[in-house]
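J.: Handing over entry08.txt, compact mmCIF, C-alpha atoms.
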# COMPACT_ATOMS: atom_id res chain seq x y z
CA MET A 1350 0.00 0.00 0.00
CA ALA A 1351 1.57 3.27 -1.14
CA ILE A 1352 0.60 6.61 0.42
CA ASN A 1353 3.35 8.83 -0.94
CA PRO A 1354 3.19 9.13 -4.77
CA SER A 1355 6.95 8.61 -4.98
CA ASP A 1356 6.42 5.07 -3.66
CA SER A 1357 3.42 4.31 -5.88
CA THR A 1358 3.49 1.71 -8.61
CA VAL A 1359 1.57 4.13 -10.85
CA LEU A 1360 2.55 7.67 -9.79
CA GLY A 1361 6.08 6.56 -9.01
CA THR A 1362 6.74 6.70 -12.76
CA LEU A 1363 6.54 10.49 -12.39
CA TYR A 1364 8.29 10.93 -9.06
CA GLY A 1365 11.64 9.44 -8.17
CA SER A 1366 13.48 6.56 -9.80
CA ASP A 1367 13.30 2.81 -9.39
CA ASP A 1368 17.05 2.64 -8.81
CA MET A 1369 16.92 5.04 -5.87
CA ARG A 1370 13.79 3.44 -4.48
CA ALA A 1371 15.67 0.14 -4.49
CA VAL A 1372 18.46 1.71 -2.42
CA PHE A 1373 16.07 2.96 0.25
CA ASP A 1374 13.55 0.12 0.08
CA GLU A 1375 12.62 -1.13 3.54
CA SER A 1376 13.81 -4.65 2.79
CA ALA A 1377 17.12 -3.29 1.53
CA TRP A 1378 17.49 -1.32 4.76
CA PHE A 1379 16.92 -4.41 6.86
CA GLN A 1380 19.53 -6.25 4.81
CA ARG A 1381 21.94 -3.38 5.42
CA MET A 1382 21.33 -3.77 9.15
CA LEU A 1383 22.11 -7.45 8.86
CA ASP A 1384 25.25 -6.55 6.88
CA VAL A 1385 26.39 -4.33 9.75
CA GLU A 1386 25.66 -7.03 12.33
CA ALA A 1387 27.59 -9.57 10.26
CA ALA A 1388 30.55 -7.22 9.80
CA LEU A 1389 30.62 -6.53 13.54
CA ALA A 1390 30.67 -10.27 14.28
CA ARG A 1391 33.49 -10.89 11.81
CA VAL A 1392 35.57 -8.09 13.29
CA GLN A 1393 35.03 -9.25 16.85
CA SER A 1394 35.83 -12.84 15.90
CA ARG A 1395 39.03 -11.70 14.24
CA LEU A 1396 39.98 -9.71 17.33
CA GLY A 1397 39.19 -12.62 19.66
CA ILE A 1398 36.37 -10.76 21.41
CA ILE A 1399 33.82 -13.42 20.46
CA PRO A 1400 34.52 -17.02 19.40
CA ALA A 1401 36.05 -17.39 15.94
CA GLU A 1402 33.27 -19.66 14.73
CA ALA A 1403 30.60 -17.15 15.83
CA GLY A 1404 31.61 -14.63 13.18
CA ALA A 1405 31.17 -17.15 10.38
CA ALA A 1406 27.87 -18.42 11.73
CA ILE A 1407 26.40 -14.95 12.21
CA THR A 1408 27.55 -13.89 8.75
CA ALA A 1409 25.92 -16.95 7.19
CA ALA A 1410 22.68 -16.18 9.06
CA ALA A 1411 22.59 -12.48 8.13
CA ARG A 1412 20.16 -12.90 5.25
CA LEU A 1413 16.86 -11.14 4.79
CA GLU A 1414 14.94 -14.40 4.38
CA ASN A 1415 15.76 -15.22 7.98
CA LEU A 1416 13.60 -12.34 9.19
CA ASP A 1417 9.88 -12.88 9.68
CA THR A 1418 8.04 -9.78 8.48
CA ALA A 1419 5.03 -10.21 10.77
CA GLU A 1420 7.26 -10.84 13.76
CA LEU A 1421 9.40 -7.84 12.86
CA ALA A 1422 6.35 -5.58 12.53
CA ALA A 1423 5.02 -6.74 15.90
CA SER A 1424 8.39 -6.02 17.50
CA VAL A 1425 8.55 -2.55 15.98
CA ARG A 1426 5.06 -1.70 17.20
CA ASN A 1427 6.07 -2.74 20.70
CA VAL A 1428 9.67 -1.50 20.92
CA GLY A 1429 9.56 1.47 18.58
CA TYR A 1430 12.67 0.43 16.63
CA PRO A 1431 13.36 -2.39 14.16
CA VAL A 1432 16.74 -3.56 15.46
CA VAL A 1433 15.41 -5.65 18.35
CA GLY A 1434 13.37 -7.68 15.87
CA VAL A 1435 16.25 -7.86 13.40
CA VAL A 1436 18.60 -9.18 16.08
CA ALA A 1437 16.00 -11.69 17.26
CA GLY A 1438 15.64 -13.12 13.75
CA LEU A 1439 19.40 -13.11 13.22
CA SER A 1440 20.05 -14.82 16.54
CA ARG A 1441 17.51 -17.53 15.83
CA ALA A 1442 19.13 -18.24 12.45
CA ALA A 1443 22.66 -18.15 13.94
CA GLY A 1444 22.01 -21.23 16.10
CA ASN A 1445 24.76 -21.79 18.66
CA ALA A 1446 26.25 -18.37 17.87
CA ALA A 1447 23.05 -16.60 18.92
CA GLY A 1448 24.57 -15.38 22.17
CA TRP A 1449 27.25 -13.42 20.35
CA THR A 1450 25.08 -11.31 18.03
CA HIS A 1451 24.93 -7.51 18.46
CA TRP A 1452 27.88 -7.69 20.87
CA GLY A 1453 28.54 -4.28 22.43
CA ALA A 1454 26.32 -2.47 19.94
CA THR A 1455 23.16 -0.44 20.39
CA THR A 1456 20.15 0.09 18.13
CA GLN A 1457 21.31 3.37 16.69
CA ASP A 1458 24.73 1.95 15.82
CA ILE A 1459 23.09 -0.55 13.51
CA MET A 1460 20.48 1.78 12.02
CA ASP A 1461 22.85 4.69 11.40
CA SER A 1462 25.58 2.49 9.92
CA ALA A 1463 22.99 0.84 7.67
CA THR A 1464 21.81 4.28 6.55
CA ALA A 1465 25.40 5.31 5.85
CA LEU A 1466 25.71 2.27 3.57
CA GLN A 1467 22.51 3.31 1.81
CA LEU A 1468 23.80 6.83 1.36
CA ARG A 1469 27.00 5.52 -0.19
CA ALA A 1470 24.99 3.64 -2.82
CA ALA A 1471 22.64 6.61 -3.28
CA LEU A 1472 25.48 9.06 -3.83
CA ASP A 1473 27.03 6.66 -6.35
CA LEU A 1474 23.79 6.85 -8.36
CA VAL A 1475 23.60 10.63 -8.12
CA ARG A 1476 27.22 11.10 -9.15
CA ALA A 1477 26.90 8.87 -12.19
CA ASP A 1478 23.83 10.73 -13.39
CA LEU A 1479 25.38 14.11 -12.71
CA LEU A 1480 28.19 13.15 -15.08
CA ARG A 1481 25.61 12.12 -17.69
CA LEU A 1482 23.82 15.46 -17.39
CA ILE A 1483 27.09 17.34 -17.70
CA VAL A 1484 27.92 15.54 -20.95
CA VAL A 1485 24.46 16.24 -22.40
CA LEU A 1486 24.40 19.93 -21.48
CA ALA A 1487 27.97 20.44 -22.70
CA ALA A 1488 27.03 18.99 -26.09
CA GLN A 1489 24.02 21.30 -26.34
CA ALA A 1490 26.08 24.34 -25.35
CA GLU A 1491 28.57 23.52 -28.09
CA LYS A 1492 25.89 22.78 -30.67
CA TYR A 1493 24.05 26.05 -30.13
CA ARG A 1494 26.94 28.34 -29.25
CA GLY A 1495 26.22 30.46 -32.33
CA THR A 1496 22.42 30.41 -32.18
CA VAL A 1497 21.38 33.95 -31.28
CA MET A 1498 18.22 34.47 -29.25
CA ALA A 1499 16.64 37.07 -27.04
CA GLY A 1500 18.03 37.27 -23.55
CA ARG A 1501 15.35 38.12 -21.02
CA THR A 1502 15.37 39.88 -17.68
CA HIS A 1503 12.17 40.33 -15.67
CA LEU A 1504 10.57 38.22 -18.46
CA GLN A 1505 11.22 41.07 -20.93
CA HIS A 1506 13.66 41.29 -23.84
CA ALA A 1507 16.98 42.53 -22.49
CA LEU A 1508 19.98 41.89 -24.77
CA PRO A 1509 20.86 39.26 -27.36
CA VAL A 1510 22.41 36.06 -26.02
CA THR A 1511 22.93 32.66 -27.59
CA PHE A 1512 21.11 29.48 -26.77
CA GLY A 1513 24.53 27.93 -26.28
CA LEU A 1514 25.17 30.45 -23.50
CA LYS A 1515 21.85 29.57 -21.90
CA CYS A 1516 22.81 25.88 -21.98
CA ALA A 1517 26.18 26.80 -20.49
CA ALA A 1518 24.41 28.69 -17.70
CA TRP A 1519 22.37 25.57 -17.01
CA LEU A 1520 25.53 23.48 -17.06
CA GLN A 1521 27.73 25.67 -14.89
CA PRO A 1522 26.54 24.52 -11.41
CA PHE A 1523 26.80 20.81 -12.07
CA PRO A 1524 30.58 20.36 -12.09
CA THR A 1525 30.52 22.22 -8.79
CA HIS A 1526 27.82 19.86 -7.54
CA VAL A 1527 30.10 16.92 -8.36
CA ALA A 1528 32.85 18.57 -6.34
CA ARG A 1529 30.42 19.17 -3.46
CA LEU A 1530 29.32 15.56 -3.57
CA ASP A 1531 32.90 14.28 -3.50
CA GLU A 1532 33.78 16.62 -0.65
CA LEU A 1533 30.84 15.67 1.55
CA ARG A 1534 31.15 11.90 1.19
CA PRO A 1535 33.89 11.48 3.82
CA ARG A 1536 31.70 13.44 6.24
CA VAL A 1537 28.63 11.29 5.53
CA GLU A 1538 29.89 7.77 4.86
CA LEU A 1539 30.95 7.11 8.44
CA VAL A 1540 30.45 4.06 10.61
CA GLN A 1541 28.36 4.59 13.71
CA PHE A 1542 29.51 2.62 16.73
CA GLY A 1543 29.20 4.04 20.20
CA GLY A 1544 27.23 1.61 22.29
CA ALA A 1545 24.50 2.61 24.70
CA ALA A 1546 25.64 6.18 25.40
CA GLY A 1547 28.59 6.79 23.11
CA THR A 1548 31.31 5.40 25.36
CA LEU A 1549 31.55 1.76 24.18
CA ALA A 1550 31.95 0.86 27.83
CA SER A 1551 30.70 -2.67 27.14
CA LEU A 1552 33.88 -3.39 25.18
CA GLY A 1553 36.22 -2.10 27.84
CA ALA A 1554 39.49 -0.78 26.45
CA ARG A 1555 38.89 -2.25 22.98
CA GLY A 1556 35.98 -0.07 21.88
CA ILE A 1557 37.92 2.21 19.52
CA GLU A 1558 39.77 -0.75 18.05
CA VAL A 1559 36.46 -2.43 17.21
CA MET A 1560 35.02 0.81 15.82
CA GLU A 1561 37.97 1.30 13.48
CA GLU A 1562 38.01 -2.32 12.36
CA LEU A 1563 34.24 -2.21 11.75
CA ALA A 1564 34.67 0.90 9.61
CA GLY A 1565 37.27 -0.90 7.53
CA GLU A 1566 35.11 -4.01 7.20
CA LEU A 1567 32.20 -1.92 5.88
CA ASP A 1568 34.46 0.35 3.79
CA LEU A 1569 33.20 3.36 5.73
CA GLY A 1570 35.15 6.07 7.46
CA ALA A 1571 35.93 5.96 11.17
CA PRO A 1572 34.86 9.15 12.99
CA PRO A 1573 36.90 10.66 15.83
CA ALA A 1574 34.05 9.68 18.19
CA PRO A 1575 30.52 8.31 17.83
CA TRP A 1576 28.09 10.70 16.16
CA HIS A 1577 24.84 9.52 17.76
CA VAL A 1578 23.78 13.10 18.39
CA ALA A 1579 25.98 14.95 15.86
CA ARG A 1580 23.74 14.78 12.80
CA ASP A 1581 25.45 17.30 10.55
CA GLY A 1582 26.55 14.64 8.05
CA PHE A 1583 23.07 13.40 7.20
CA ALA A 1584 21.75 16.97 7.24
CA GLU A 1585 24.50 17.99 4.83
CA ALA A 1586 23.62 15.15 2.47
CA VAL A 1587 19.99 16.28 2.26
CA GLY A 1588 21.10 19.91 2.04
CA PHE A 1589 23.17 18.95 -0.97
CA MET A 1590 20.14 17.35 -2.55
CA GLY A 1591 18.31 20.62 -2.00
CA LEU A 1592 21.04 22.54 -3.83
CA LEU A 1593 21.07 20.01 -6.66
CA SER A 1594 17.29 20.20 -6.94
CA GLY A 1595 17.47 23.98 -7.15
CA SER A 1596 19.79 23.80 -10.16
CA LEU A 1597 17.48 21.28 -11.81
CA ALA A 1598 14.50 23.52 -11.10
CA LYS A 1599 16.23 26.42 -12.87
CA ILE A 1600 16.40 24.37 -16.07
CA ALA A 1601 12.80 23.22 -15.70
CA THR A 1602 11.61 26.78 -15.16
CA ASP A 1603 13.35 28.00 -18.31
CA ILE A 1604 11.96 25.14 -20.37
CA ILE A 1605 8.43 25.87 -19.15
CA LEU A 1606 8.77 29.52 -20.11
CA LEU A 1607 10.36 28.76 -23.48
CA MET A 1608 7.51 26.33 -24.25
CA GLN A 1609 4.84 29.00 -23.86
CA THR A 1610 2.81 29.32 -27.04
CA GLU A 1611 3.78 32.98 -27.42
CA VAL A 1612 7.47 32.11 -27.15
CA GLY A 1613 7.77 28.62 -28.64
CA GLU A 1614 11.55 28.52 -28.84
CA VAL A 1615 12.30 25.23 -27.04
CA SER A 1616 10.10 22.31 -26.09
CA GLU A 1617 10.47 19.07 -24.22
CA PRO A 1618 11.18 15.90 -26.24
CA TYR A 1619 8.07 14.92 -28.15
CA VAL A 1620 6.48 11.55 -27.55
CA ALA A 1621 2.97 10.88 -28.83
CA GLY A 1622 0.50 11.65 -26.07
CA ARG A 1623 3.14 13.04 -23.72
CA GLY A 1624 1.84 16.08 -21.85
CA GLY A 1625 -1.54 15.75 -23.49
CA SER A 1626 -4.89 16.98 -22.24
CA SER A 1627 -8.07 14.97 -21.70
CA THR A 1628 -10.09 17.70 -23.44
CA MET A 1629 -7.72 19.78 -25.60
CA PRO A 1630 -6.17 17.73 -28.40
CA GLN A 1631 -3.64 20.43 -29.29
CA LYS A 1632 -1.91 20.50 -25.90
CA ARG A 1633 1.73 19.54 -25.37
CA ASN A 1634 2.32 20.51 -21.77
CA PRO A 1635 5.81 20.72 -20.21
CA ILE A 1636 4.97 17.76 -18.05
CA ALA A 1637 8.48 16.53 -17.24
CA SER A 1638 9.58 20.01 -16.21
CA GLU A 1639 6.51 20.35 -14.02
CA TYR A 1640 7.45 17.22 -12.10
CA VAL A 1641 11.05 18.38 -11.78
CA LEU A 1642 9.75 21.57 -10.18
CA ALA A 1643 7.34 19.70 -7.90
CA SER A 1644 10.07 17.31 -6.77
CA ALA A 1645 12.56 20.14 -6.19
CA ARG A 1646 10.11 22.01 -3.99
CA MET A 1647 9.51 18.93 -1.88
CA VAL A 1648 13.22 18.17 -1.53
CA GLN A 1649 13.91 21.73 -0.44
CA ALA A 1650 11.03 21.51 2.05
CA LEU A 1651 12.75 18.49 3.61
CA VAL A 1652 16.06 20.31 4.16
CA PRO A 1653 14.81 22.18 7.26
CA VAL A 1654 13.43 18.91 8.65
CA MET A 1655 16.93 17.47 8.61
CA GLN A 1656 18.51 20.64 9.96
CA GLY A 1657 15.89 20.83 12.71
CA ALA A 1658 16.69 17.23 13.62
CA MET A 1659 20.23 18.28 14.50
CA ALA A 1660 18.94 19.61 17.84
CA GLN A 1661 19.21 16.26 19.61
CA ASP A 1662 18.90 16.01 23.36
CA HIS A 1663 21.71 14.59 25.48
CA GLU A 1664 23.09 11.21 24.33
CA ARG A 1665 20.02 9.93 22.46
CA ALA A 1666 17.31 12.04 20.85
CA THR A 1667 13.64 11.91 21.72
CA GLY A 1668 12.08 12.60 18.34
CA PRO A 1669 14.52 14.43 16.05
CA TRP A 1670 16.34 11.23 15.07
CA GLN A 1671 13.04 9.60 14.15
CA ALA A 1672 12.16 12.57 11.94
CA GLU A 1673 15.20 11.85 9.78
CA LEU A 1674 13.66 8.57 8.68
CA LEU A 1675 10.77 10.50 7.14
CA ALA A 1676 12.91 13.01 5.28
CA LEU A 1677 16.18 11.48 4.14
CA PRO A 1678 15.01 8.66 1.83
CA GLN A 1679 12.29 10.81 0.28
CA ALA A 1680 14.73 13.64 -0.47
CA PHE A 1681 17.06 11.29 -2.30
CA VAL A 1682 14.31 9.51 -4.23
CA LEU A 1683 12.68 12.74 -5.42
CA ALA A 1684 15.92 14.51 -6.27
CA HIS A 1685 17.23 11.56 -8.24
CA GLY A 1686 13.98 11.32 -10.17
CA ALA A 1687 14.23 15.03 -11.01
CA LEU A 1688 17.83 14.54 -12.11
CA ARG A 1689 16.88 11.73 -14.48
CA GLN A 1690 13.95 13.72 -15.86
CA THR A 1691 16.30 16.63 -16.54
CA ILE A 1692 18.76 14.43 -18.41
CA GLU A 1693 15.98 13.33 -20.76
CA ILE A 1694 14.73 16.90 -21.23
CA ALA A 1695 18.19 18.20 -22.01
CA ARG A 1696 19.07 15.35 -24.35
CA GLY A 1697 15.91 15.42 -26.44
CA MET A 1698 14.71 19.02 -26.27
CA VAL A 1699 13.40 20.41 -29.55
CA VAL A 1700 14.98 23.76 -30.42
CA ASP A 1701 13.24 26.07 -32.91
CA THR A 1702 16.05 28.32 -34.12
CA ALA A 1703 13.82 30.08 -36.65
CA ARG A 1704 11.38 31.02 -33.90
CA MET A 1705 14.28 32.29 -31.82
CA ARG A 1706 15.25 34.60 -34.66
CA ARG A 1707 11.69 35.84 -35.19
CA ASN A 1708 11.33 36.61 -31.52
CA LEU A 1709 14.71 38.31 -31.49
CA ASP A 1710 13.57 40.60 -34.31
CA ALA A 1711 10.08 41.12 -32.88
CA THR A 1712 10.94 44.45 -31.26
CA GLY A 1713 12.47 45.93 -34.39
CA GLY A 1714 15.93 46.31 -32.91
CA LEU A 1715 14.93 47.60 -29.48
CA ILE A 1716 16.76 44.65 -27.93
CA VAL A 1717 20.07 46.26 -28.93
CA ALA A 1718 19.25 49.77 -27.73
CA GLU A 1719 22.18 49.45 -25.30
CA ALA A 1720 24.53 48.85 -28.23
CA VAL A 1721 23.40 52.11 -29.87
CA MET A 1722 23.70 53.94 -26.56
CA MET A 1723 27.27 52.71 -26.06
CA GLY A 1724 28.18 53.65 -29.64
CA LEU A 1725 26.68 57.12 -29.25
CA ALA A 1726 28.20 57.60 -25.80
CA GLN A 1727 31.62 57.91 -27.39
CA HIS A 1728 30.34 61.18 -28.90
CA LEU A 1729 27.88 62.48 -26.29
CA GLY A 1730 28.84 60.80 -23.04
CA ARG A 1731 26.88 57.96 -21.50
CA GLU A 1732 24.07 59.92 -19.83
CA ALA A 1733 23.27 62.10 -22.82
CA ALA A 1734 23.47 59.08 -25.12
CA HIS A 1735 21.09 57.17 -22.87
CA HIS A 1736 18.61 60.04 -23.01
CA ALA A 1737 18.81 60.31 -26.80
CA VAL A 1738 18.40 56.60 -27.44
CA LYS A 1739 15.58 56.38 -24.85
CA HIS A 1740 13.77 59.08 -26.81
CA GLY A 1741 14.29 57.05 -29.98
CA CYS A 1742 12.94 53.91 -28.28
CA ASP A 1743 9.83 55.78 -27.20
CA ARG A 1744 9.35 56.99 -30.78
CA ALA A 1745 9.78 53.42 -32.12
CA LEU A 1746 7.16 52.07 -29.73
CA THR A 1747 4.71 54.92 -30.31
CA GLN A 1748 4.99 54.96 -34.10
CA ASN A 1749 5.48 51.18 -34.48
CA VAL A 1750 8.68 51.57 -36.48
CA SER A 1751 12.10 49.95 -36.14
CA LEU A 1752 14.62 51.42 -33.75
CA ALA A 1753 16.89 52.28 -36.69
CA ASP A 1754 14.13 54.25 -38.39
CA ALA A 1755 13.22 55.99 -35.16
CA LEU A 1756 16.83 56.98 -34.53
CA MET A 1757 17.08 58.44 -38.03
CA ALA A 1758 14.44 60.94 -36.91
CA GLU A 1759 16.56 62.05 -33.95
CA PRO A 1760 18.83 64.97 -35.00
CA GLU A 1761 21.07 64.47 -31.97
CA VAL A 1762 21.76 60.95 -33.20
CA THR A 1763 22.09 61.56 -36.91
CA ALA A 1764 24.54 64.39 -36.25
CA ARG A 1765 26.95 61.71 -35.00
CA LEU A 1766 25.89 58.46 -36.68
CA ASP A 1767 24.89 57.82 -40.28
CA ARG A 1768 22.43 55.12 -41.36
CA ALA A 1769 25.14 52.53 -41.96
CA ALA A 1770 26.50 53.03 -38.44
CA ILE A 1771 23.01 52.81 -36.96
CA ASP A 1772 22.28 49.63 -38.91
CA ALA A 1773 25.52 48.11 -37.70
CA LEU A 1774 24.75 49.00 -34.08
CA THR A 1775 21.22 47.56 -34.30
CA ASP A 1776 22.39 44.18 -35.60
CA PRO A 1777 21.71 41.80 -32.67
CA THR A 1778 24.23 39.24 -33.89
CA ALA A 1779 26.99 41.84 -33.51
CA TYR A 1780 26.31 42.53 -29.83
CA LEU A 1781 27.10 39.30 -28.03
CA GLY A 1782 30.06 40.45 -25.98
CA SER A 1783 31.93 37.58 -24.35
CA ALA A 1784 29.13 35.05 -24.83
CA ASP A 1785 31.25 32.68 -26.90
CA ALA A 1786 34.22 32.97 -24.56
CA PHE A 1787 32.02 32.30 -21.55
CA ILE A 1788 30.72 29.13 -23.19
CA SER A 1789 34.27 27.97 -23.75
CA ARG A 1790 35.16 28.66 -20.12
CA VAL A 1791 32.17 26.68 -18.84
CA LEU A 1792 32.96 23.80 -21.19
CA GLU A 1793 36.54 23.75 -20.01
CA HIS A 1794 35.35 23.70 -16.40
CA ALA A 1795 32.95 20.84 -17.16
CA GLY A 1796 35.63 18.95 -19.05
CA ASN A 1797 37.75 18.74 -15.92
CA VAL A 1798 35.15 16.63 -14.11
CA SER A 1799 35.52 12.87 -14.15
Kindly transcribe the structure held in the file into structure tokens.
T.:
Amino acid sequence: MAINPSDSTVLGTLYGSDDMRAVFDESAWFQRMLDVEAALARVQSRLGIIPAEAGAAITAAARLENLDTAELAASVRNVGYPVVGVVAGLSRAAGNAAGWTHWGATTQDIMDSATALQLRAALDLVRADLLRLIVVLAAQAEKYRGTVMAGRTHLQHALPVTFGLKCAAWLQPFPTHVARLDELRPRVELVQFGGAAGTLASLGARGIEVMEELAGELDLGAPPAPWHVARDGFAEAVGFMGLLSGSLAKIATDIILLMQTEVGEVSEPYVAGRGGSSTMPQKRNPIASEYVLASARMVQALVPVMQGAMAQDHERATGPWQAELLALPQAFVLAHGALRQTIEIARGMVVDTARMRRNLDATGGLIVAEAVMMGLAQHLGREAAHHAVKHGCDRALTQNVSLADALMAEPEVTARLDRAAIDALTDPTAYLGSADAFISRVLEHAGNVS
């Protein structure tokens, strides 16, 4: 029974990804707990803390099929945590080694270490797809580096840009996101092992030795001390997903605006029936971008849940820790789904270069009024040139003529610029500044990511 759409067999095709759901699936989490219990037993056997044969027996028993779901659910309802039921099933399957399971550990050690293992797999998925998105956006930036279009500020024509530059602007954050991801992993992928109150008193003088060996066995980092109530790592991981989702939402927002009927410059990949309406046969809605935006908003709403959960009381939290379980998996599932949606949008987007040119020319040259002002400023000074060209723009709008024609009626302009100079200054393709160089810089930056 699915309540959240991201877990639904039907609506889950729109939210999240099957790969990320598999990472955070409840059964997978229980198996991760068993993996931690087995690793702990192997380490303690190797160190002579428990009998040598116990490690092998517990490892052999640490399989999901040895847990009874109904029994586990009953235990959770009673205890409030799953580990007691997990250890009971493991101990039963371990036979004579039952007395050596969960030696020196506490519930949160097992749950947090299992979650750290999940996060490692989740971040692997995110990193791989970030690299895919970088490749796709870099190719589009290169392909359209010379395709001139209207740049817009406050949803109004501003100055000419190129679609390649827009793609480069979309691309620019993602190499940085890869760097962020790589930097945060050592702070997140840490073993948790502190015992009942973070002292490992049950293991006497060998607690740190076991913690470090357990970290190595699980291929996780060993923290300076247990982090039962220091939750910055998990909060950082979800915070990163919020940042990533924001960058994805930027692309989705632009695509939605570019797909407007009155603009019509770029559209999502076309598949028959995709984004259709039940009543309007003509509709091709930006449906993938809409779900990217919806997912991003939810991920970002979960960031403060994780940050709020950092305020944990004493040596074991009464509520904040439990809140993490609601937020962390959902943030990763939704963000990864949005990432995959964005890859498909970027790869298959339909670009109407002719429409871009028509829209660029729609204002009769007003989009390059700054170019004329800067050219005239060499003769009049910037403020006087701004005033003269503003007067020409007003005339163009009032009389519905091109900016060039309007400027030819301005004596202050024609005294300094002839028609050929005005035509040259009102050519939008000649006023692109460093657009091409900026594309190259972004591509070089992206090319350094591996």
J.: Give the padded box for range 1581-1597 of chain A as lines of an AutoDock Vina configuration file: axis-aligned, covering all atoms listed in the file, 4 Å on each side, centre and edge lengths in Å to one decimal.
T.:
center_x = 21.9
center_y = 18.7
center_z = -0.6
size_x = 17.3
size_y = 18.6
size_z = 30.4
J.: Write out as an NGL selection string the residues lying within 9 Å of range 1521-1523 of chain A, counting only C-alpha atoms and excluding same-chain residues fewer than 5 positions away.
T.: :A and (1479-1480 or 1482-1483 or 1516 or 1528 or 1593 or 1596 or 1791-1792 or 1794-1795)
J.: Residues at most 9 Å from range 1547-1563 of chain A, counting only C-alpha atoms, excluding those fewer than 4 positions away in the same chain, as a list in words?
T.: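 In the requested format, the answer is Val1385, Ala1388, Leu1389, Arg1391, Val1392, Gln1393, Leu1396, Ile1398, Trp1452, Gly1453, Ala1454, Val1540, Gln1541, Phe1542, Gly1543, Leu1567, Asp1568, Leu1569, Gly1570, Ala1571, Pro1572, Ala1574, Pro1575, Trp1576, His1577 and Glu1664 of chain A.
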J.: How far is it from CA of Asn1749 in chain A to CA of Thr1610 in chain A, in Å with one decimal?
T.: 23.2 Å
J.: Just want the 10 Å neighbourhood of Leu1514 in chain A, counted on only C-alpha atoms, with same-chain residues fewer than 2 positions away dropped. Output as a PyMOL selection string.
T.: chain A and resi 1489-1491+1493-1498+1500+1510-1512+1516-1520+1783-1789+1791
J.: The selected residues should be written to file as a PDB file, keeping the file's coordinate frame (atoms: C-alpha atoms).
T.:
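So the final result, stored in part10.pdb, reads:
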ATOM      1  CA  GLN A1489      24.020  21.300 -26.340  1.00  0.00           C
ATOM      2  CA  ALA A1490      26.080  24.340 -25.350  1.00  0.00           C
ATOM      3  CA  GLU A1491      28.570  23.520 -28.090  1.00  0.00           C
ATOM      4  CA  TYR A1493      24.050  26.050 -30.130  1.00  0.00           C
ATOM      5  CA  ARG A1494      26.940  28.340 -29.250  1.00  0.00           C
ATOM      6  CA  GLY A1495      26.220  30.460 -32.330  1.00  0.00           C
ATOM      7  CA  THR A1496      22.420  30.410 -32.180  1.00  0.00           C
ATOM      8  CA  VAL A1497      21.380  33.950 -31.280  1.00  0.00           C
ATOM      9  CA  MET A1498      18.220  34.470 -29.250  1.00  0.00           C
ATOM     10  CA  GLY A1500      18.030  37.270 -23.550  1.00  0.00           C
ATOM     11  CA  VAL A1510      22.410  36.060 -26.020  1.00  0.00           C
ATOM     12  CA  THR A1511      22.930  32.660 -27.590  1.00  0.00           C
ATOM     13  CA  PHE A1512      21.110  29.480 -26.770  1.00  0.00           C
ATOM     14  CA  CYS A1516      22.810  25.880 -21.980  1.00  0.00           C
ATOM     15  CA  ALA A1517      26.180  26.800 -20.490  1.00  0.00           C
ATOM     16  CA  ALA A1518      24.410  28.690 -17.700  1.00  0.00           C
ATOM     17  CA  TRP A1519      22.370  25.570 -17.010  1.00  0.00           C
ATOM     18  CA  LEU A1520      25.530  23.480 -17.060  1.00  0.00           C
ATOM     19  CA  SER A1783      31.930  37.580 -24.350  1.00  0.00           C
ATOM     20  CA  ALA A1784      29.130  35.050 -24.830  1.00  0.00           C
ATOM     21  CA  ASP A1785      31.250  32.680 -26.900  1.00  0.00           C
ATOM     22  CA  ALA A1786      34.220  32.970 -24.560  1.00  0.00           C
ATOM     23  CA  PHE A1787      32.020  32.300 -21.550  1.00  0.00           C
ATOM     24  CA  ILE A1788      30.720  29.130 -23.190  1.00  0.00           C
ATOM     25  CA  SER A1789      34.270  27.970 -23.750  1.00  0.00           C
ATOM     26  CA  VAL A1791      32.170  26.680 -18.840  1.00  0.00           C
TER      27      VAL A1791
END
J.: Which of these, A:Arg1412, A:Arg1790, A:Lys1492, A:Arg1395, has the shortest distance to Val1700 in chain A once you count all atoms listed in the file?
T.: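 Of A:Arg1412, A:Arg1790, A:Lys1492, A:Arg1395, the one nearest Val1700 in chain A, counting all atoms listed in the file, is A:Lys1492.
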J.: Leaving out Leu1651 in chain A and any residue of its chain fewer than 4 positions from it, which residues lie within 9 Å of it when counting all atoms listed in the file, given as a list in words?
T.: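 Those residues are Val1587, Gly1588, Gly1591, Arg1646, Met1647, Met1655, Gln1656, Leu1675, Ala1676, Leu1677, Gln1679 and Ala1680 of chain A.
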J.: What is the distance between CA of Gln1649 in chain A and CA of Glu1617 in chain A, in Å to one decimal?
T.: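 Going from CA of Gln1649 in chain A over to CA of Glu1617 in chain A, I get 24.2 Å.
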J.: Counting all atoms listed in the file, which residues come within 10 Å of (10.1, 28.5, -32.4), with the point read in the file's coordinates, and could you list them as a list in words?
T.: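 Nearby residues: Leu1607, Met1608, Thr1610, Glu1611, Val1612, Gly1613, Glu1614, Val1615, Ser1616, Val1699, Val1700, Asp1701, Thr1702, Ala1703, Arg1704, Met1705, Arg1706, Arg1707 and Asn1708 of chain A.
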